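Asker: Right, I'll just put the structure down here and ask away after.
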2 protein chains.
Amino acid sequence: MTTPAQNIAAIRRQMAEKGLSAYLIPATDPHISEYLPDHWKTLAWVSGFTGSAGTLVVTHDFAGVWTDSRYFIQAEKQLAGSGIELVKLVVPHTAEFVGWLAGTLPEGSIVGFDGNILSRSVYQSLEAGLRPRGIRLDPNADLVGPIWTNRPPLPENPVSEHPAKFAGATRPEKLARVRQRLAEKKVTHTVLSSLDDIAWVFNLRGADVPYNPVFVAHAVIGLHAAALFVSPAKISDALRRKLNRDGIKVFPYESITTYLSKLPADAFVLLDPKRVSQNLPGALSSAVKVLDDVNITTWLKACKTPEEVEQTRQTMVRDGVALTKFFYWLAQNVGKQKITELSAQSKLQVMRREQPNCVGESFGTISAYGPHAAMPHYSATSESDVELRPEGLYLLDSGGQYLGGTTDTTRVMSLGGITDEQMTDYTLVLQGLIAISRLRYPRGTRGYQVDILARLPQWERGINFGHGTGHGVGYYLCVHEGPQGISPNPVDTPLLPGMITSVEPGIYRPGKHGVRIENLVVCTEGDKTEFGEFLAFETLTIAPIFTNLVKKSLLSKKEISWLRAYNGNVVKKLARYLSEEEKTWLRTMCRI
Amino acid sequence: MTTPAQNIAAIRRQMAEKGLSAYLIPATDPHISEYLPDHWKTLAWVSGFTGSAGTLVVTHDFAGVWTDSRYFIQAEKQLAGSGIELVKLVVPHTAEFVGWLAGTLPEGSIVGFDGNILSRSVYQSLEAGLRPRGIRLDPNADLVGPIWTNRPPLPENPVSEHPAKFAGATRPEKLARVRQRLAEKKVTHTVLSSLDDIAWVFNLRGADVPYNPVFVAHAVIGLHAAALFVSPAKISDALRRKLNRDGIKVFPYESITTYLSKLPADAFVLLDPKRVSQNLPGALSSAVKVLDDVNITTWLKACKTPEEVEQTRQTMVRDGVALTKFFYWLAQNVGKQKITELSAQSKLQVMRREQPNCVGESFGTISAYGPHAAMPHYSATSESDVELRPEGLYLLDSGGQYLGGTTDTTRVMSLGGITDEQMTDYTLVLQGLIAISRLRYPRGTRGYQVDILARLPQWERGINFGHGTGHGVGYYLCVHEGPQGISPNPVDTPLLPGMITSVEPGIYRPGKHGVRIENLVVCTEGDKTEFGEFLAFETLTIAPIFTNLVKKSLLSKKEISWLRAYNGNVVKKLARYLSEEEKTWLRTMCRI
């Protein structure tokens, strides 16, 4: 195994041979996924940094990873001694390295990268920022492939159907809706590389990456034909026949480029520049027109059907049962038996898997005790693992994949002896959660407009948190799903009925503690007034918000009513699944 | 004088000759100004619609003006019977007509317009939206010039200096700051067409358009030379010598294209695509590189110096004196003598002009009684003018140009017999104003993040308003000034120390009444905490917020304290300029 320093040196040697002034490695793959199969963990293999977002920039005298505040602490540790610097993004999820390249490289430089794993939109940012400076791009420079020995192969896990009982609509229904939108937009085809879009539209699920039940594939949906490009070994004959019956032809994974090259000259192809690689559309003939737009499936998938929302409500009860039983167990046993961050999350995993229709976890659990919780994306390892003792705060951010929905819940529990600052922080975070949960807003409101409500109680005291307030959540799909979100970033996407979004303000005090409370909410149709239509949020998550951490004097009457109603509903929904002892404990922990 | 229908017919005849499928007329001029000299009021001349924002789209079987909600009522009236439809923008200040063109015109169509009066950024939107559809653009089609007989000439008003006592910095200081930024951005020149940028950087003022003390000109600032392109008659010999002494050469207005064509091939020019016409940069040689970016001067001008802020504080007292004396006069005389919307605004104009250093009005006064105030941009005319009677609400939105700053204030006064709904609306609007005024926010916060605070009290009751919460304000310059603002639009511009912005929530009930309260605030340096730097707003406007319209039961303790402190400061600052009767009245109207 080579070291990051050796990898950077090997990349620089190739840069010199090819005349490149800079080389880029994004944290993405040909499907612009957030979670990658090992085969495509290029950034992690080269640099040692394993965060889900980041870009490595290598020049002849500099190497640095641009990443956002979620990963500052982790990146500092993982990059230490590698010669690779951490560059802190001011605005998350933006290509700030483009400005750095523009300011650093002289005219006539060439910036290389593998355009098969870099998104079309990042490419467009590079073009816009570097071309006026006389800097050129080489999107066909794969400098990692030649030096990555023992590279893991592509995953070959079987693909299965999402049972009709749980899927919100049939394949033909979904294809018909996609084609209706294609016709409305006056285009003839859409090319999908994003794995969640493909899984959703075909009602298929896979196991090629951890946590996301997706499989490696591309797809093309035209007005009259639909094609799925996937390793043949993954699809059973029976499934292939069913897909054929629904008008979907299955081709080998690699044949997508041939298929694209044969699209007729009058084809007009919709591509999502954020969900497709720069190089894939290069296979299209030059006569084919391209419309850059958000994938149609992204919008359809984001707005859950009433059936999907109802399934999610039931799923949330089951997930809440697992969480409540876990916290009860923890409360009874902390300080009495050895419980560590890792053993606690294993215990929860078992309890969750006992719930009906649970398939697994929806992301890597954050089981964080004491100062560890100050890292918003902490992940316990055997090196970092610590024992939970009957004092201070324990933060648990976890979720499950169920046939009937995806969950994502964060709760903080006092293990004993808490400070005034901890209670204040917890209460300020709770106030942010309540402000968004109670909101009523005009149709058309975008996530960035409401983000401040999660922060306002903190700002008044000079506090803030460095991540977004919430992300879209899939339905037995990715726990991070677009297009909507709630964050300070100007993402011009309205919150629409059926969209499920997390609400998760936090406060992080490095070296001391971290607090975050997270619920999922669904946007619901509201009422109409003379000023227009107003929407609202329905909270889906059913899990107790422990009140012994709440500083009641800080809460308004409306906030107390909300909390009382919320916890009351939790007790009501969970009671039948709990033992008498668990019920009694839950009622005490919910009292306000 | 021709009718709109005749104009449209004449345009369609020329479209047929030139093979154009559609023709566009924007509401802008070669300087992409909001307020235009009569010579360039093309949209108004063709269509009859006089709003400051709008785009006329003419095809062979359709003609429509796209405009925003401020102008819906006005446009409906002005376009009635013309055959030109009103198309309501969903999102203000966006080019939604591009999507309409893309969906309506067949492949191979040509869209024509005069690229000398259409901004580069709108052109870029047209390109991005229409080129993928196979629709071409013709930016050299001026179809209005040939049919506009008796067109008013360009204005020829003299240019004067902004006295050094009031200007925030000298010309050489400002040029040095611009050049420092040019060097930082690694460009060699900036081309300015926007009249406020030019007036600011050269400490010059003019009178070529109403309300904005600017003059028609272009400018080019390079690392080593500065050139001003302006009609020679406007500049006195003495002023020309002073400009020359500061390193600024003066050339005839039209010679800008020759000057641009002679820039060296290695020039690298910064252009603001929103503040320059599409055709102007066409004069550059093809070797010259162009960087699309916000004008450097826009940022420098927006962040007022401490001296400018202090001058504005003093100006606000004088403006508040005029407003208070006016409202006192109105309260004493309404119902006793004939006062109309127009006569009231004339009275105010006289009172304001009596204040020291007042140059004129900063925009057309909105003097709106009763249901007229439900039109956010109402402008009283001899046809619409009504008498004020001792009942209902009177809304006054007005501002002055002073050598020491620009003001913009809205107040609502009860003339008697108000309803519960009116008081509730007034109080909800006030709560929105207070929420923003009290805000403390991290450095980097953008206007779209805080906009919701002005709306939240309204949303809870199913109410909303259709305009932004606030706009940037110039310093003895344009009352609408970028780059910052407070609105739901995703304008990615932070609120920086020194920026002056209006805060003006409203509630409009067509046929009944309208309420708006508007203050100007300046962003101030705040304090540093372990979570970063926090900024705040200081309210600059000194004018009473009448409390007899306030429903005190709706206000929180914090809101009441804010209002008490605000009005208390108003009384304190204004007292020495008021008569005993005025003071007594003011105290009563401010009591809470």
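Residue numbering restarts at 1 for every chain of the structure tokens, chains are lettered A, B, ... in their displayed order, and ligands are numbered from 1 as they appear.
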Quick one: contact table of chain B to chain A, 7 Å max, nearest atom pair and distance in Å to one decimal per residue, counting only C-alpha atoms, chain and number order, as JSON lines?
Answerer:
{"residue": "B:Pro132", "atom": "CA", "partner": "A:Lys289", "partner_atom": "CA", "distance": 6.0}
{"residue": "B:Lys289", "atom": "CA", "partner": "A:Pro132", "partner_atom": "CA", "distance": 6.1}
{"residue": "B:Val290", "atom": "CA", "partner": "A:Pro132", "partner_atom": "CA", "distance": 6.3}
{"residue": "B:Leu291", "atom": "CA", "partner": "A:Pro132", "partner_atom": "CA", "distance": 6.3}
{"residue": "B:Arg440", "atom": "CA", "partner": "A:Glu460", "partner_atom": "CA", "distance": 6.1}
{"residue": "B:Tyr441", "atom": "CA", "partner": "A:Trp459", "partner_atom": "CA", "distance": 6.0}
{"residue": "B:Tyr448", "atom": "CA", "partner": "A:Gln449", "partner_atom": "CA", "distance": 6.2}
{"residue": "B:Gln449", "atom": "CA", "partner": "A:Gln449", "partner_atom": "CA", "distance": 5.4}
{"residue": "B:Val450", "atom": "CA", "partner": "A:Ile452", "partner_atom": "CA", "distance": 6.7}
{"residue": "B:Ile452", "atom": "CA", "partner": "A:Gln449", "partner_atom": "CA", "distance": 6.1}
{"residue": "B:Trp459", "atom": "CA", "partner": "A:Tyr441", "partner_atom": "CA", "distance": 6.0}
{"residue": "B:Glu460", "atom": "CA", "partner": "A:Arg440", "partner_atom": "CA", "distance": 6.1}
{"residue": "B:Gly462", "atom": "CA", "partner": "A:Thr529", "partner_atom": "CA", "distance": 6.0}
{"residue": "B:Ile463", "atom": "CA", "partner": "A:Phe531", "partner_atom": "CA", "distance": 5.6}
{"residue": "B:Asn464", "atom": "CA", "partner": "A:Phe531", "partner_atom": "CA", "distance": 6.1}
{"residue": "B:Pro488", "atom": "CA", "partner": "A:Gln449", "partner_atom": "CA", "distance": 6.5}
{"residue": "B:Pro490", "atom": "CA", "partner": "A:Pro490", "partner_atom": "CA", "distance": 5.1}
{"residue": "B:Asp492", "atom": "CA", "partner": "A:Pro490", "partner_atom": "CA", "distance": 6.8}
{"residue": "B:Thr529", "atom": "CA", "partner": "A:Gly462", "partner_atom": "CA", "distance": 6.1}
{"residue": "B:Phe531", "atom": "CA", "partner": "A:Ile463", "partner_atom": "CA", "distance": 5.6}
{"residue": "B:Phe534", "atom": "CA", "partner": "A:Gly462", "partner_atom": "CA", "distance": 6.7}
Asker: If we count only C-alpha atoms, what is near stretch 345-354 of chain A at a cut-off of 10 Å, once residues fewer than 3 positions away on the same chain are taken out, given as a ChimeraX atom specification?
Answerer: /A:318-327,329-330,339-342,357-361,364-368,380,396-402
Asker: If you count only C-alpha atoms, which residues fall within 10 Å of B:Phe113, apart from same-chain ones fewer than 3 positions away, as JSON, numbers by chain?
Answerer: {"B": [20, 22, 23, 24, 25, 26, 57, 116, 117, 118, 123, 137, 138, 139, 140, 141, 142, 143, 144]}
Asker: For the structure I just gave you, how does DSSP split stretch 225-440 of chain A - specifically, which residues are strand (DSSP E)? Reply as a PyMOL selection string.
Answerer: chain A and resi 226-230+248-251+268-271+289-292+358-361+366-369+393-398+400-402+405-406+409-414+440
Asker: Could you pull the residues within 9 Å of stretch 333-338 of chain B, counting only C-alpha atoms, minus those fewer than 6 positions along the same chain, as a list in words?
Answerer: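 What passes the distance filter is Glu387, Leu388, Arg389, Pro390 and Leu415 of chain B.
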Asker: Show me, as a ChimeraX atom specification, the residues that have an atom within 8 Å of A:Glu518 when counting only C-alpha atoms, minus same-chain residues fewer than 2 positions from it.
Answerer: /A:408-411,433,502-505,516,520
Asker: Quick check, in Å to one decimal: how far apart do atom CA of B:Leu182 and atom CA of B:Ala225 lie?
Answerer: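 Separation of atom CA of B:Leu182 and atom CA of B:Ala225: 12.5 Å.
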Asker: List the neighbours of B:Val250 out to 8 Å using only C-alpha atoms; skip same-chain residues closer than 2 positions along the sequence, and give me the result as a ChimeraX atom specification.
Answerer: /B:227-230,232,240,243-244,248,252
Asker: Mind checking DSSP for stretch 214-369 of chain B and telling me the helix (DSSP H, G or I) residues as a ChimeraX atom specification?
Answerer: /B:232-234,237-245,253-261,280-283,296-302,306-333,341-353
Asker: So, with only C-alpha atoms as the atoms that count, which of A:Tyr394, A:Phe363, A:Trp45, A:Phe215 lies closest to A:His377?
Answerer: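 Looking only at the distances to A:His377, the closest residue turns out to be A:Phe363.
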Asker: Could you check how far atom CA of A:Met499 sits from atom CA of A:Lys304, in Å to one decimal?
Answerer: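 According to the coordinates, atom CA of A:Met499 and atom CA of A:Lys304 are separated by 6.0 Å.
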Asker: Can you list, as an NGL selection string, every protein, DNA or RNA residue that comes within 6 Å of stretch 92-98 of chain A when you count only C-alpha atoms, leaving out same-chain residues fewer than 3 positions away?
Answerer: :A and (68 or 89 or 101 or 126)
Asker: So how many Å separate atom CA of A:Val473 and atom CA of A:Thr501, to one decimal?
Answerer: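 Computed distance, atom CA of A:Val473 to atom CA of A:Thr501, equals 5.6 Å.
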